[in-house]
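Report on the structure given below.
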Amino acid sequence: MRRYEFTRREFSRWAAAATAVTGFSQALLPRLGAAVSAAVKEYPLIWMQDAACSGCSVSVINTIHPSIKNVILDQILPGSQLYLNYHSTLMAATGPLSTGAALETSRKNKGKYIYIIEGAIPALDGGIYGTLGEEDGKPVTMLEWFRRLAPDALAILAVGTCAAYGGIPAAKPNPTGAKGVGELLKEFNIATPVVNIPGCPCHPDWFIGTVARVLLYGLPKPQELDEHGRLKIYFGKSVHNRCINRDYLDDGIFANKFGEVGCLLEIGCKGPFTHGDCPVRQWNSGVNWCVSANAPCMGCTEPGFPDAHSPLYQRR
């Protein structure tokens with residue numbers, strides 16, 4: 001039997017790539033995660049939750065390989081590779097003690113920290129409709145936090161469709177003037193690179209895999225991202241391309257109401273223009289996904305969701 005030898009670095013790169021595919025045994029995946037953990041560099045993380053439902057945080061907490069226990073206790077505490085210095089839901093500190101941690105992290109690690117944004121950012125009337133903490137007895141807007149932290153970050157990860165493109169907070173009539181990260185970067189002429197990880201919510205694998213990609217290889221090259229700033233490894237093909245109901249479409253069999261057998265196009269499936277690997281990755285630890293539950297894809301990973309896709313249960 002021929003013997004192959006790999007350096008730890010080579011194995012770690014292969015391990016990171018494994019997050020993009022399925023089919024590995026449950027026993028092997030934790031070992032892959034450990035190899036990635038051993039190889040990554042040290043980066044502080046600042047995770048700001050803006051105008052959102054916290055659904056993306058909840059989704060990430062449901063990650064299996066690595067588990068959230070491994071992520072919190074083994075990978076993002078001081079002394080390890082990642083430092084999660086601010087996350088309003090997960091941290092115990094509150095008030096100035098918590099927001100001060102974010103400011104201190106940005107000052108000490110200028111150009112080196114990763115700024116994770118969850119949720120859209122209210123921008124109307126100076127951003128007064130969304131605030132995080134206070135200074136000198138006055139509320140600090142989410143927009144002001146963005147202005148402070150975005151320019152000096154190594155990179156921005158926009159977690160979820162709301163952060164990436166505005167999503168539900170930016171839906172009509174959008175009374176707070178909520179906007180996605182990319183739009184605000186252009187408005188303020190901030191050159192910090194951004195990687196979008198859309199979804200309502202984003203899949204935990206998409207988040208963990210993107211973080212691993214940045215830590216191991218650095219920022220993605222332009223050819224690795226699609227026109228909407230998403231990693232092609234996760235969003236390079238349409239849902240329709242790999243849908244379990246594709247044969248029904250080819251045979252001209254369409255469901256006209258919920259519960260019927262057939263392609264769900266006539267009852268609003270947005271799979272043909274929605275990009276994501278949901279059909280092969282699935283959700284809830286590979287148990288199910290929207291179409292397997294006989295529900296049409298709503299296009300939640302795409303810019304313009306939900307307004308551009310409404311009405312959701314009618315053919316577009």
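Quick note on naming: the chains in the structure tokens go A, B, ... in the order shown, residues restart at 1 in each chain, and ligands are numbered from 1 in order of appearance.
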Would you mind listing what lies within 7 Å of A:Pro306 as a PyMOL selection string, with only C-alpha atoms counted and same-chain residues fewer than 6 positions away left out? chain A and resi 167-168+171
Selected residues written out, C-alpha atoms, as an mmCIF file, in the first residue's frame:
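File produced: result-v8.cif:
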```
data_model
loop_
_atom_site.group_PDB
_atom_site.id
_atom_site.type_symbol
_atom_site.label_atom_id
_atom_site.label_comp_id
_atom_site.auth_asym_id
_atom_site.auth_seq_id
_atom_site.Cartn_x
_atom_site.Cartn_y
_atom_site.Cartn_z
ATOM 1 C CA GLY A 167 -33.387 41.925 4.220
ATOM 2 C CA ILE A 168 -36.582 42.129 6.238
ATOM 3 C CA ALA A 171 -38.578 45.821 3.386
#
```
Using only C-alpha atoms, which protein or nucleic acid residues come within 12 Å of A:Thr210? Drop anything in the same chain fewer than 2 positions from it, and give the result as an MDAnalysis selection string. chainID A and resid 16:20 116 155:159 194:198 202:208 212:220 224:225 230:235
According to DSSP computed on the backbone, where in stretch 65-302 of chain A is there helix (DSSP H, G or I)? Give the residues as a ChimeraX atom specification. /A:68-75,96-108,124-127,142-149,161-165,168-170,181-187,204-217,222-224,232-235,240-242,246-250,265-267,271-273,278-281,291-293
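Using only C-alpha atoms, the shortest contact distance between A:Ala170 and any of A:Val239, A:Ile253, A:Ala52, A:Cys297 is found at A:Ala52.
Across the model, the gap from atom CA of A:Asp307 to atom CA of A:Gln49 is 22.5 Å.
The coordinates place atom CA of A:Cys243 at 14.1 Å from atom CA of A:Val261.
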